[in-house]
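Peer 1: So here's protein_16.cif (mmCIF, C-alpha atoms).
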```cif
data_input
#
loop_
_atom_site.label_atom_id
_atom_site.label_comp_id
_atom_site.auth_asym_id
_atom_site.auth_seq_id
_atom_site.Cartn_x
_atom_site.Cartn_y
_atom_site.Cartn_z
CA MET A 61 70.61 130.82 132.01
CA LEU A 62 69.42 133.69 134.16
CA PHE A 63 72.85 134.75 135.38
CA ALA A 64 76.44 134.63 134.20
CA LYS A 65 78.01 131.51 135.69
CA PRO A 66 80.23 133.06 138.40
CA LEU A 67 77.24 135.07 139.55
CA GLY A 68 74.94 132.04 139.51
CA ASP A 69 77.52 130.09 141.48
CA LEU A 70 77.74 132.79 144.11
CA ILE A 71 73.95 133.01 144.34
CA SER A 72 73.59 129.27 144.88
CA GLN A 73 76.32 129.37 147.54
CA LEU A 74 74.55 132.21 149.34
CA GLU A 75 71.17 130.47 149.09
CA LYS A 76 72.49 127.65 151.25
CA LEU A 77 72.84 130.01 154.22
CA PRO A 78 70.14 129.92 156.87
CA GLY A 79 67.51 132.62 156.48
CA ILE A 80 68.72 133.56 153.00
CA GLY A 81 66.14 132.77 150.34
CA PRO A 82 66.64 132.97 146.57
CA LYS A 83 65.69 136.68 146.49
CA SER A 84 68.05 137.70 149.28
CA ALA A 85 70.81 135.60 147.75
CA GLN A 86 70.40 137.47 144.47
CA ARG A 87 70.32 140.83 146.17
CA LEU A 88 73.43 140.02 148.19
CA ALA A 89 75.27 138.71 145.14
CA PHE A 90 74.50 141.81 143.06
CA TYR A 91 75.53 143.98 145.97
CA LEU A 92 78.77 142.08 146.47
CA VAL A 93 79.94 142.12 142.87
CA ARG A 94 79.56 145.89 142.91
CA GLN A 95 81.69 146.40 145.99
CA PRO A 96 85.37 147.28 145.67
CA GLU A 97 87.49 144.17 145.19
CA ASP A 98 89.31 144.77 148.49
CA ASP A 99 86.06 144.64 150.45
CA VAL A 100 85.00 141.40 148.80
CA ARG A 101 88.41 139.92 149.45
CA MET A 102 88.21 140.94 153.12
CA LEU A 103 84.89 139.18 153.54
CA SER A 104 86.16 136.16 151.67
CA GLU A 105 89.24 135.93 153.84
CA SER A 106 87.49 136.48 157.14
CA LEU A 107 85.25 133.54 156.28
CA VAL A 108 88.12 131.15 155.87
CA ARG A 109 90.06 132.65 158.78
CA ALA A 110 87.12 132.32 161.19
CA LYS A 111 86.61 128.73 160.11
CA GLN A 112 90.28 127.87 160.49
CA ALA A 113 91.15 129.80 163.63
CA LEU A 114 88.23 128.79 165.81
CA ARG A 115 87.93 125.71 167.96
CA PHE A 116 85.98 124.80 171.08
CA CYS A 117 87.35 126.03 174.42
CA GLU A 118 88.44 122.83 176.13
CA ARG A 119 86.66 123.84 179.30
CA CYS A 120 83.41 125.60 178.38
CA GLN A 121 83.11 124.44 174.73
CA ASN A 122 82.48 127.97 173.49
CA MET A 123 84.17 129.12 170.28
CA SER A 124 87.70 130.19 171.02
CA GLU A 125 90.98 130.95 169.31
CA LEU A 126 93.02 129.45 172.15
CA ALA A 127 92.72 126.18 174.06
CA LEU A 128 91.03 128.13 176.89
CA CYS A 129 88.62 130.91 175.91
CA SER A 130 88.99 134.46 177.22
CA ILE A 131 86.32 133.90 179.88
CA CYS A 132 87.64 130.59 181.21
CA SER A 133 91.14 132.03 181.45
CA ASP A 134 90.00 135.27 183.12
CA ALA A 135 90.92 135.25 186.83
CA LYS A 136 88.44 138.08 187.44
CA ARG A 137 85.52 135.86 186.44
CA ASP A 138 83.91 133.73 189.11
CA GLN A 139 85.09 130.28 188.07
CA THR A 140 82.77 128.58 190.59
CA THR A 141 79.59 129.49 188.71
CA ILE A 142 78.62 127.99 185.38
CA CYS A 143 75.85 129.31 183.17
CA VAL A 144 74.77 126.47 180.87
CA VAL A 145 73.52 127.56 177.46
CA ALA A 146 72.58 125.80 174.26
CA GLU A 147 74.61 127.77 171.72
CA PRO A 148 77.60 130.15 171.52
CA ARG A 149 75.21 132.96 170.55
CA ASP A 150 73.52 132.55 173.93
CA VAL A 151 76.83 133.33 175.62
CA ALA A 152 76.92 136.58 173.67
CA ALA A 153 73.33 137.33 174.75
CA VAL A 154 74.13 136.91 178.46
CA GLU A 155 77.46 138.76 178.16
CA ARG A 156 75.67 141.69 176.61
CA ILE A 157 73.70 142.49 179.77
CA ASN A 158 77.04 142.95 181.53
CA GLU A 159 75.81 141.58 184.85
CA TYR A 160 77.01 138.02 184.91
CA HIS A 161 80.55 137.44 186.05
CA GLY A 162 80.74 133.64 186.16
CA THR A 163 81.70 131.21 183.40
CA TYR A 164 79.67 129.41 180.75
CA HIS A 165 79.16 125.96 179.39
CA VAL A 166 77.92 125.57 175.83
CA LEU A 167 75.95 122.38 175.21
CA HIS A 168 75.90 122.85 171.42
CA GLY A 169 72.28 121.91 171.15
CA LEU A 170 69.32 120.83 173.23
CA MET A 171 67.84 117.40 173.87
CA SER A 172 65.23 116.58 171.27
CA PRO A 173 64.07 112.97 171.22
CA MET A 174 62.04 113.68 168.06
CA ASP A 175 65.24 114.53 166.21
CA GLY A 176 67.20 111.76 167.92
CA ILE A 177 69.31 114.20 169.95
CA GLY A 178 70.03 112.81 173.40
CA PRO A 179 72.45 113.99 176.13
CA GLU A 180 75.22 111.95 174.50
CA ASN A 181 75.04 114.31 171.48
CA LEU A 182 75.54 117.36 173.70
CA LYS A 183 78.56 118.55 175.69
CA VAL A 184 77.10 117.09 178.89
CA ARG A 185 80.04 114.83 179.74
CA GLU A 186 82.33 117.88 179.53
CA LEU A 187 80.00 119.73 181.93
CA LEU A 188 80.05 116.88 184.46
CA ALA A 189 83.85 116.83 184.30
CA ARG A 190 83.94 120.46 185.45
CA LEU A 191 82.03 119.82 188.70
CA GLY A 192 84.91 119.50 191.11
CA GLY A 193 84.67 120.41 194.81
CA GLU A 194 84.93 124.11 194.06
CA MET A 195 81.77 124.51 192.01
CA ALA A 196 79.09 126.62 193.72
CA GLU A 197 76.24 126.92 191.23
CA VAL A 198 75.09 125.79 187.83
CA ILE A 199 72.56 128.15 186.24
CA VAL A 200 70.68 126.41 183.47
CA ALA A 201 69.91 129.10 180.89
CA THR A 202 68.36 127.04 178.13
CA ASN A 203 65.46 128.52 176.16
CA PRO A 204 61.98 128.19 177.66
CA THR A 205 60.93 125.73 174.95
CA ILE A 206 60.04 122.05 175.11
CA GLU A 207 63.63 121.10 174.24
CA GLY A 208 65.07 123.67 176.64
CA ASP A 209 62.82 122.47 179.45
CA ALA A 210 63.64 118.82 178.84
CA THR A 211 67.35 119.55 178.84
CA ALA A 212 67.08 121.63 182.02
CA LEU A 213 65.18 118.88 183.85
CA TYR A 214 67.67 116.27 182.68
CA LEU A 215 70.62 118.35 183.85
CA ALA A 216 68.99 119.07 187.21
CA LYS A 217 68.52 115.34 187.83
CA LEU A 218 72.04 114.57 186.70
CA LEU A 219 73.82 117.34 188.59
CA LYS A 220 72.01 117.52 191.92
CA PRO A 221 73.56 114.29 193.27
CA THR A 222 76.99 115.95 192.89
CA GLY A 223 75.88 118.46 195.56
CA VAL A 224 76.09 121.51 193.34
CA LYS A 225 73.28 124.08 193.44
CA VAL A 226 71.30 123.96 190.20
CA THR A 227 69.11 126.93 189.24
CA ARG A 228 67.24 128.02 186.18
CA LEU A 229 66.44 131.40 184.61
CA ALA A 230 63.09 132.82 185.72
CA TYR A 231 60.07 132.47 183.51
CA GLY A 232 57.59 135.29 183.35
CA MET A 233 56.41 138.41 181.62
CA PRO A 234 59.08 140.12 179.53
CA VAL A 235 59.98 143.52 180.98
CA GLY A 236 57.96 146.20 179.22
CA GLY A 237 55.52 143.61 177.90
CA GLU A 238 51.79 144.01 178.02
CA LEU A 239 49.50 141.48 179.70
CA ASP A 240 47.12 141.93 176.86
CA TYR A 241 49.66 140.70 174.34
CA ALA A 242 51.33 137.97 176.40
CA ASP A 243 50.72 134.41 175.21
CA SER A 244 48.88 132.24 177.67
CA ALA A 245 51.86 129.97 178.42
CA THR A 246 53.95 132.98 179.46
CA LEU A 247 51.12 134.40 181.51
CA HIS A 248 50.60 131.02 183.13
CA SER A 249 54.28 130.87 184.10
CA ALA A 250 54.27 134.45 185.32
CA LEU A 251 51.35 133.62 187.58
CA GLU A 252 52.77 130.34 188.79
CA TYR A 253 56.16 131.83 189.69
CA ARG A 254 54.74 135.03 191.17
CA ARG A 255 56.85 136.59 193.91
CA GLU A 256 55.89 138.23 197.16
CA LEU A 257 56.38 141.99 197.20
CA MET B 1195 84.84 140.94 174.16
CA LEU B 1196 81.71 139.08 173.15
CA PHE B 1197 83.32 136.93 170.47
CA ALA B 1198 86.71 135.48 169.68
CA LYS B 1199 88.41 137.88 167.27
CA PRO B 1200 88.15 135.93 164.00
CA LEU B 1201 84.46 135.41 164.73
CA GLY B 1202 83.92 139.06 165.60
CA ASP B 1203 85.70 140.05 162.39
CA LEU B 1204 83.48 137.80 160.32
CA ILE B 1205 80.37 139.14 162.03
CA SER B 1206 81.31 142.75 161.34
CA GLN B 1207 82.03 141.88 157.70
CA LEU B 1208 78.63 140.21 157.36
CA GLU B 1209 76.85 143.11 159.08
CA LYS B 1210 77.91 145.38 156.23
CA LEU B 1211 75.77 143.45 153.77
CA PRO B 1212 72.38 144.93 152.85
CA GLY B 1213 69.49 143.46 154.82
CA ILE B 1214 71.79 141.71 157.29
CA GLY B 1215 71.47 143.15 160.78
CA PRO B 1216 73.65 142.34 163.80
CA LYS B 1217 71.49 139.34 164.77
CA SER B 1218 71.48 137.78 161.31
CA ALA B 1219 75.21 138.42 160.99
CA GLN B 1220 75.81 136.50 164.23
CA ARG B 1221 73.54 133.68 163.18
CA LEU B 1222 75.25 133.41 159.80
CA ALA B 1223 78.71 133.52 161.33
CA PHE B 1224 77.93 130.77 163.84
CA TYR B 1225 76.40 128.72 161.07
CA LEU B 1226 79.39 129.22 158.80
CA VAL B 1227 82.09 128.28 161.31
CA ARG B 1228 80.26 125.01 161.88
CA GLN B 1229 80.16 124.05 158.24
CA PRO B 1230 82.79 121.75 156.76
CA GLU B 1231 85.89 123.69 155.76
CA ASP B 1232 85.39 122.80 152.09
CA ASP B 1233 81.97 124.44 152.02
CA VAL B 1234 83.28 127.62 153.61
CA ARG B 1235 86.15 127.68 151.17
CA MET B 1236 83.74 127.25 148.24
CA LEU B 1237 81.69 130.23 149.35
CA SER B 1238 84.80 132.26 149.99
CA GLU B 1239 86.18 131.48 146.55
CA SER B 1240 82.94 132.05 144.68
CA LEU B 1241 82.82 135.52 146.21
CA VAL B 1242 86.17 136.51 144.83
CA ARG B 1243 85.60 134.70 141.54
CA ALA B 1244 82.26 136.44 140.94
CA LYS B 1245 83.85 139.78 141.70
CA GLN B 1246 86.79 139.17 139.42
CA ALA B 1247 85.11 137.38 136.52
CA LEU B 1248 82.15 139.70 135.99
CA ARG B 1249 82.04 142.84 133.93
CA PHE B 1250 79.34 144.75 132.10
CA CYS B 1251 78.25 143.41 128.72
CA GLU B 1252 79.49 146.06 126.31
CA ARG B 1253 76.13 146.17 124.57
CA CYS B 1254 73.40 145.79 127.21
CA GLN B 1255 75.45 146.59 130.34
CA ASN B 1256 74.20 143.49 132.15
CA MET B 1257 76.67 141.46 134.21
CA SER B 1258 78.60 139.15 131.95
CA GLU B 1259 81.67 136.98 131.88
CA LEU B 1260 82.39 137.82 128.25
CA ALA B 1261 82.50 141.11 126.37
CA LEU B 1262 79.03 140.28 125.01
CA CYS B 1263 76.57 138.61 127.38
CA SER B 1264 74.80 135.36 126.51
CA ILE B 1265 71.61 137.22 125.50
CA CYS B 1266 73.28 139.83 123.28
CA SER B 1267 75.29 137.13 121.53
CA ASP B 1268 72.30 134.80 121.05
CA ALA B 1269 71.17 134.80 117.40
CA LYS B 1270 67.83 133.30 118.45
CA ARG B 1271 66.95 136.38 120.50
CA ASP B 1272 65.21 139.23 118.73
CA GLN B 1273 67.99 141.80 118.60
CA THR B 1274 65.60 144.51 117.38
CA THR B 1275 63.73 144.78 120.69
CA ILE B 1276 65.25 146.21 123.84
CA CYS B 1277 63.71 145.88 127.28
CA VAL B 1278 65.13 148.68 129.43
CA VAL B 1279 65.46 147.84 133.13
CA ALA B 1280 67.03 149.51 136.13
CA GLU B 1281 69.09 146.65 137.55
CA PRO B 1282 70.55 143.28 136.53
CA ARG B 1283 68.12 141.55 138.88
CA ASP B 1284 65.27 142.94 136.79
CA VAL B 1285 66.68 141.07 133.79
CA ALA B 1286 66.44 137.88 135.83
CA ALA B 1287 62.84 138.73 136.78
CA VAL B 1288 61.76 139.16 133.16
CA GLU B 1289 63.74 136.13 131.98
CA ARG B 1290 62.00 134.01 134.55
CA ILE B 1291 58.58 134.39 132.92
CA ASN B 1292 60.10 132.83 129.80
CA GLU B 1293 58.03 134.88 127.39
CA TYR B 1294 60.32 137.66 126.31
CA HIS B 1295 62.71 136.88 123.50
CA GLY B 1296 64.28 140.27 122.83
CA THR B 1297 67.34 141.84 124.42
CA TYR B 1298 67.81 144.04 127.48
CA HIS B 1299 69.46 147.24 128.47
CA VAL B 1300 70.44 147.75 132.10
CA LEU B 1301 70.49 151.39 133.22
CA HIS B 1302 72.16 150.60 136.56
CA GLY B 1303 69.87 152.86 138.49
CA LEU B 1304 66.98 155.24 138.00
CA MET B 1305 66.84 159.00 137.76
CA SER B 1306 66.46 160.55 141.18
CA PRO B 1307 67.01 164.31 141.37
CA MET B 1308 66.74 164.13 145.18
CA ASP B 1309 69.81 161.90 145.27
CA GLY B 1310 71.52 163.82 142.50
CA ILE B 1311 71.20 160.97 140.02
CA GLY B 1312 70.57 162.26 136.53
CA PRO B 1313 70.61 160.53 133.14
CA GLU B 1314 74.37 161.10 132.90
CA ASN B 1315 74.82 158.71 135.87
CA LEU B 1316 72.88 155.97 134.09
CA LYS B 1317 73.75 153.87 131.06
CA VAL B 1318 71.60 156.10 128.84
CA ARG B 1319 74.32 157.06 126.39
CA GLU B 1320 74.99 153.36 125.81
CA LEU B 1321 71.27 152.84 125.11
CA LEU B 1322 71.17 155.67 122.57
CA ALA B 1323 74.20 154.20 120.83
CA ARG B 1324 72.27 150.96 120.24
CA LEU B 1325 69.43 152.64 118.32
CA GLY B 1326 70.54 152.00 114.77
CA GLY B 1327 68.17 151.65 111.83
CA GLU B 1328 67.26 148.08 112.77
CA MET B 1329 65.70 148.76 116.16
CA ALA B 1330 61.96 148.07 116.27
CA GLU B 1331 60.88 148.69 119.87
CA VAL B 1332 62.17 149.86 123.22
CA ILE B 1333 60.08 148.55 126.13
CA VAL B 1334 60.70 150.62 129.23
CA ALA B 1335 60.33 148.22 132.16
CA THR B 1336 61.33 150.45 135.04
CA ASN B 1337 59.51 150.05 138.37
CA PRO B 1338 56.21 151.88 138.76
CA THR B 1339 57.70 154.28 141.30
CA ILE B 1340 58.40 158.01 141.15
CA GLU B 1341 61.96 157.36 139.99
CA GLY B 1342 60.86 154.67 137.53
CA ASP B 1343 58.18 156.96 136.10
CA ALA B 1344 60.55 159.90 135.77
CA THR B 1345 63.13 157.73 134.02
CA ALA B 1346 60.52 156.28 131.68
CA LEU B 1347 59.21 159.72 130.70
CA TYR B 1348 62.73 161.01 130.15
CA LEU B 1349 63.61 158.02 127.96
CA ALA B 1350 60.38 158.37 125.95
CA LYS B 1351 61.18 162.00 125.18
CA LEU B 1352 64.77 161.20 124.32
CA LEU B 1353 64.10 158.14 122.15
CA LYS B 1354 60.96 159.02 120.22
CA PRO B 1355 62.76 161.49 117.89
CA THR B 1356 64.93 158.58 116.71
CA GLY B 1357 61.76 157.01 115.29
CA VAL B 1358 61.84 153.90 117.47
CA LYS B 1359 58.61 152.67 119.07
CA VAL B 1360 58.78 153.26 122.82
CA THR B 1361 56.39 151.35 125.11
CA ARG B 1362 56.05 150.81 128.82
CA LEU B 1363 54.88 147.89 130.95
CA ALA B 1364 51.18 148.02 131.83
CA TYR B 1365 50.10 149.35 135.20
CA GLY B 1366 47.15 147.74 136.90
CA MET B 1367 45.83 145.22 139.35
CA PRO B 1368 48.27 142.41 140.06
CA VAL B 1369 46.92 139.07 138.82
CA GLY B 1370 45.17 137.28 141.67
CA GLY B 1371 44.95 140.52 143.65
CA GLU B 1372 41.80 141.66 145.41
CA LEU B 1373 40.20 145.03 144.73
CA ASP B 1374 39.57 145.35 148.41
CA TYR B 1375 43.28 145.21 149.20
CA ALA B 1376 44.63 147.19 146.26
CA ASP B 1377 46.17 150.55 147.16
CA SER B 1378 44.38 153.51 145.65
CA ALA B 1379 47.23 154.45 143.28
CA THR B 1380 47.15 150.96 141.75
CA LEU B 1381 43.37 151.01 141.53
CA HIS B 1382 43.52 154.45 139.96
CA SER B 1383 45.94 153.18 137.30
CA ALA B 1384 43.92 150.05 136.71
CA LEU B 1385 40.86 152.18 136.06
CA GLU B 1386 42.69 154.72 133.92
CA TYR B 1387 44.28 152.07 131.70
CA ARG B 1388 41.17 149.86 131.48
CA ARG B 1389 40.83 147.84 128.30
CA GLU B 1390 37.83 147.02 126.17
CA LEU B 1391 36.71 143.40 126.36
#
```
Once more with this new file: its structure as structure tokens, please.

Peer 2:
Amino acid sequence: MLFAKPLGDLISQLEKLPGIGPKSAQRLAFYLVRQPEDDVRMLSESLVRAKQALRFCERCQNMSELALCSICSDAKRDQTTICVVAEPRDVAAVERINEYHGTYHVLHGLMSPMDGIGPENLKVRELLARLGGEMAEVIVATNPTIEGDATALYLAKLLKPTGVKVTRLAYGMPVGGELDYADSATLHSALEYRREL
Amino acid sequence: MLFAKPLGDLISQLEKLPGIGPKSAQRLAFYLVRQPEDDVRMLSESLVRAKQALRFCERCQNMSELALCSICSDAKRDQTTICVVAEPRDVAAVERINEYHGTYHVLHGLMSPMDGIGPENLKVRELLARLGGEMAEVIVATNPTIEGDATALYLAKLLKPTGVKVTRLAYGMPVGGELDYADSATLHSALEYRREL
């Protein structure tokens, strides 16, 4: 036995986390057992509390403590614009730029026929239900990957008949990037979607 | 507010862990709140249990559930040989090769005058106390770094007068390594400690 049992248990629990290999799990475990007991208890409790207190916002499906999340219940946000993203972390990414004042819709995944994930496995029905007469625009902000593209195309086809404007994030060179280092798919998109100056 | 409060709390707890940046903390938090509640509870409990159940083995200072760790209380281990390491994880590293059958001594750090860490901050006194008449060899297995070297030299000076044999792990080319890629300090050591064939 390499480790005392409670330590081994903790390590194997930590190893299950995404991006945490055996080495990191060990390092984390050794770090944790050396922290003051109060700190460890705080982490332990915030784990259970987060799990218990969070549910999906009944409108946008983002993580929320209340039935309606803070964005969906905010009268200062433009409730006629929906930014559709794959995951809750994408909401955080868009919020961070502090420029978007509409609402979100979290699909909780992307279409991936290879993995057997179709629109029925995503929060697409909930998105459709939000498209009342008031809705001005749906911005599809899925990742520029095969799955993100497929989902965006599917949503465009599905939503356009409802009369809502459907847009998608621009593809192109990342700001500050160098042509020399851009992959050819990005460069191809940047060229294809070039704008007049 | 980017995240619902319980989620934000969990993220800031996770961010405190070594090697976990803001992005990884978010990713972990989102992953965790999607796991079944039982799994989250298991992790949460193993954290507190590991913290509460572990102490230092009173002989070798490794993490242990009991007053004496499983190695120090194992009659099949050679109790006359001590492998001195800096951290508990180093014990695991040596155990993994399955070739060493002696005991360990964990210093819980290395000497580092720059950081104000001297021998009095390490478990050196506890090591000295173990050197009774029966002890055959002390293998210093500290890292081949400045701190590891300094600690090894200090221990050699301190222990030799007690009559015990003090050795150190060999420096040299890592097995499977390529000369071409070896750093010059390693190559220098490999040359200096060359063996006759």

Peer 1: Show me, as a PDB file with C-alpha atoms, in the frame of the given file, every residue of chain A with an atom at most 6 Å from chain B, counting all atoms listed in the file.

Peer 2:
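out_2.pdb was written with the following content:
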```pdb
ATOM      1  CA  LEU A  62      69.420 133.690 134.160  1.00  0.00           C
ATOM      2  CA  ALA A  64      76.440 134.630 134.200  1.00  0.00           C
ATOM      3  CA  PRO A  66      80.230 133.060 138.400  1.00  0.00           C
ATOM      4  CA  LEU A  67      77.240 135.070 139.550  1.00  0.00           C
ATOM      5  CA  LEU A  70      77.740 132.790 144.110  1.00  0.00           C
ATOM      6  CA  GLN A  73      76.320 129.370 147.540  1.00  0.00           C
ATOM      7  CA  VAL A  93      79.940 142.120 142.870  1.00  0.00           C
ATOM      8  CA  LEU A 103      84.890 139.180 153.540  1.00  0.00           C
ATOM      9  CA  SER A 104      86.160 136.160 151.670  1.00  0.00           C
ATOM     10  CA  SER A 106      87.490 136.480 157.140  1.00  0.00           C
ATOM     11  CA  ALA A 110      87.120 132.320 161.190  1.00  0.00           C
ATOM     12  CA  LYS A 111      86.610 128.730 160.110  1.00  0.00           C
ATOM     13  CA  SER A 124      87.700 130.190 171.020  1.00  0.00           C
ATOM     14  CA  ALA A 152      76.920 136.580 173.670  1.00  0.00           C
TER      15      ALA A 152
END
```

Peer 1: Just give me the gap between atom CA of Leu239 of chain A and atom CA of Tyr253 of chain A in Å, one decimal is fine.

Peer 2: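 Computing it gives 15.4 Å between the two atoms.
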
Peer 1: If we count all atoms listed in the file and set the cut-off at 12 Å, which residues sit around Arg1388 of chain B, ignoring sequence neighbours fewer than 3 positions away in its own chain? Please answer as a ChimeraX atom specification.

Peer 2: /B:1364-1367,1380-1385,1391

Peer 1: Generate a file of the selected residues that holds C-alpha atoms, formatted as an mmCIF file, in the frame of the given file.

Peer 2:
```
data_model
loop_
_atom_site.group_PDB
_atom_site.id
_atom_site.type_symbol
_atom_site.label_atom_id
_atom_site.label_comp_id
_atom_site.auth_asym_id
_atom_site.auth_seq_id
_atom_site.Cartn_x
_atom_site.Cartn_y
_atom_site.Cartn_z
ATOM 1 C CA ALA B 1364 51.180 148.020 131.830
ATOM 2 C CA TYR B 1365 50.100 149.350 135.200
ATOM 3 C CA GLY B 1366 47.150 147.740 136.900
ATOM 4 C CA MET B 1367 45.830 145.220 139.350
ATOM 5 C CA THR B 1380 47.150 150.960 141.750
ATOM 6 C CA LEU B 1381 43.370 151.010 141.530
ATOM 7 C CA HIS B 1382 43.520 154.450 139.960
ATOM 8 C CA SER B 1383 45.940 153.180 137.300
ATOM 9 C CA ALA B 1384 43.920 150.050 136.710
ATOM 10 C CA LEU B 1385 40.860 152.180 136.060
ATOM 11 C CA LEU B 1391 36.710 143.400 126.360
#
```

Peer 1: Would you translate the PyMOL selection byres ((chain A and resi 174-182) around 12) into the concrete set of residues it matches in this file, as a ChimeraX atom specification?

Peer 2: /A:121,144-147,165-173,183-188,206-207,210-215,218

Peer 1: Name the residues in contact with Met195 of chain A at a cut-off of 10 Å, using all atoms listed in the file, excluding same-chain residues fewer than 3 positions from it; report them as a VMD selection string.

Peer 2: chain A and resid 138 to 142 190 to 192 198 222 to 225

Peer 1: Distance atom CA of Lys1351 of chain B-atom CA of Thr1336 of chain B, one decimal place?

Peer 2: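 Computing the Euclidean distance for atom CA of Lys1351 of chain B and atom CA of Thr1336 of chain B yields 15.2 Å.
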
Peer 1: For the atom pair atom CA of Gly237 of chain A and atom CA of Ile199 of chain A, what is the interatomic distance in Å to one decimal place?

Peer 2: 24.5 Å

Peer 1: Padding 6 Å on each side, edges along x, y and z: where is the centre of the box around the listed atoms of segment 190-196 of chain A, and how long are its edges in Å to one decimal? Output it as JSON.

Peer 2:
```
{"center_x": 82.0, "center_y": 123.1, "center_z": 190.1, "size_x": 17.8, "size_y": 19.1, "size_z": 21.4}
```

Peer 1: For a quick check of understanding, using all atoms listed in the file, which of A:Arg119, A:Arg255, A:Ala216, A:Glu238 has the smallest distance to Tyr164 of chain A?

Peer 2: A:Arg119

Peer 1: Which residue gives the smallest distance to Cys132 of chain A among A:Thr163, A:Ala201, A:Ser244, A:Ile157, with only C-alpha atoms counted?

Peer 2: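 The closest residue to Cys132 of chain A is A:Thr163.
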
Peer 1: Rebuild segment 1347-1352 of chain B so that it carries all heavy atoms, then output the result as a PDB file, keeping the file's coordinate frame.

Peer 2:
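And here's out.pdb as it stands now:
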```pdb
ATOM      1  N   LEU B1347      59.627 158.538 131.456  1.00  0.00           N
ATOM      2  CA  LEU B1347      59.210 159.720 130.700  1.00  0.00           C
ATOM      3  C   LEU B1347      60.411 160.354 130.004  1.00  0.00           C
ATOM      4  O   LEU B1347      60.347 160.742 128.838  1.00  0.00           O
ATOM      5  CB  LEU B1347      58.547 160.745 131.636  1.00  0.00           C
ATOM      6  CG  LEU B1347      57.145 160.359 132.086  1.00  0.00           C
ATOM      7  CD1 LEU B1347      56.592 161.384 133.066  1.00  0.00           C
ATOM      8  CD2 LEU B1347      56.230 160.215 130.858  1.00  0.00           C
ATOM      9  N   TYR B1348      61.523 160.428 130.731  1.00  0.00           N
ATOM     10  CA  TYR B1348      62.730 161.010 130.150  1.00  0.00           C
ATOM     11  C   TYR B1348      63.170 160.206 128.926  1.00  0.00           C
ATOM     12  O   TYR B1348      63.481 160.761 127.859  1.00  0.00           O
ATOM     13  CB  TYR B1348      63.850 161.032 131.205  1.00  0.00           C
ATOM     14  CG  TYR B1348      65.178 161.453 130.630  1.00  0.00           C
ATOM     15  CD1 TYR B1348      65.501 162.803 130.497  1.00  0.00           C
ATOM     16  CD2 TYR B1348      66.102 160.503 130.204  1.00  0.00           C
ATOM     17  CE1 TYR B1348      66.709 163.194 129.950  1.00  0.00           C
ATOM     18  CE2 TYR B1348      67.308 160.881 129.654  1.00  0.00           C
ATOM     19  CZ  TYR B1348      67.610 162.231 129.526  1.00  0.00           C
ATOM     20  OH  TYR B1348      68.801 162.606 128.980  1.00  0.00           O
ATOM     21  N   LEU B1349      63.169 158.875 129.067  1.00  0.00           N
ATOM     22  CA  LEU B1349      63.610 158.020 127.960  1.00  0.00           C
ATOM     23  C   LEU B1349      62.663 158.164 126.759  1.00  0.00           C
ATOM     24  O   LEU B1349      63.112 158.208 125.606  1.00  0.00           O
ATOM     25  CB  LEU B1349      63.687 156.559 128.396  1.00  0.00           C
ATOM     26  CG  LEU B1349      64.832 156.219 129.351  1.00  0.00           C
ATOM     27  CD1 LEU B1349      64.783 154.745 129.729  1.00  0.00           C
ATOM     28  CD2 LEU B1349      66.189 156.555 128.720  1.00  0.00           C
ATOM     29  N   ALA B1350      61.358 158.241 127.035  1.00  0.00           N
ATOM     30  CA  ALA B1350      60.380 158.370 125.950  1.00  0.00           C
ATOM     31  C   ALA B1350      60.668 159.625 125.129  1.00  0.00           C
ATOM     32  O   ALA B1350      60.726 159.588 123.899  1.00  0.00           O
ATOM     33  CB  ALA B1350      58.974 158.413 126.526  1.00  0.00           C
ATOM     34  N   LYS B1351      60.883 160.737 125.856  1.00  0.00           N
ATOM     35  CA  LYS B1351      61.180 162.000 125.180  1.00  0.00           C
ATOM     36  C   LYS B1351      62.460 161.925 124.369  1.00  0.00           C
ATOM     37  O   LYS B1351      62.566 162.457 123.273  1.00  0.00           O
ATOM     38  CB  LYS B1351      61.354 163.102 126.248  1.00  0.00           C
ATOM     39  CG  LYS B1351      60.193 164.077 126.300  1.00  0.00           C
ATOM     40  CD  LYS B1351      60.571 165.309 127.095  1.00  0.00           C
ATOM     41  CE  LYS B1351      59.324 166.075 127.483  1.00  0.00           C
ATOM     42  NZ  LYS B1351      59.564 166.895 128.673  1.00  0.00           N
ATOM     43  N   LEU B1352      63.443 161.264 124.938  1.00  0.00           N
ATOM     44  CA  LEU B1352      64.770 161.200 124.320  1.00  0.00           C
ATOM     45  C   LEU B1352      64.755 160.283 123.094  1.00  0.00           C
ATOM     46  O   LEU B1352      65.414 160.557 122.088  1.00  0.00           O
ATOM     47  CB  LEU B1352      65.754 160.644 125.359  1.00  0.00           C
ATOM     48  CG  LEU B1352      67.230 160.626 124.987  1.00  0.00           C
ATOM     49  CD1 LEU B1352      67.775 162.043 125.020  1.00  0.00           C
ATOM     50  CD2 LEU B1352      68.009 159.727 125.942  1.00  0.00           C
TER      51      LEU B1352
END
```
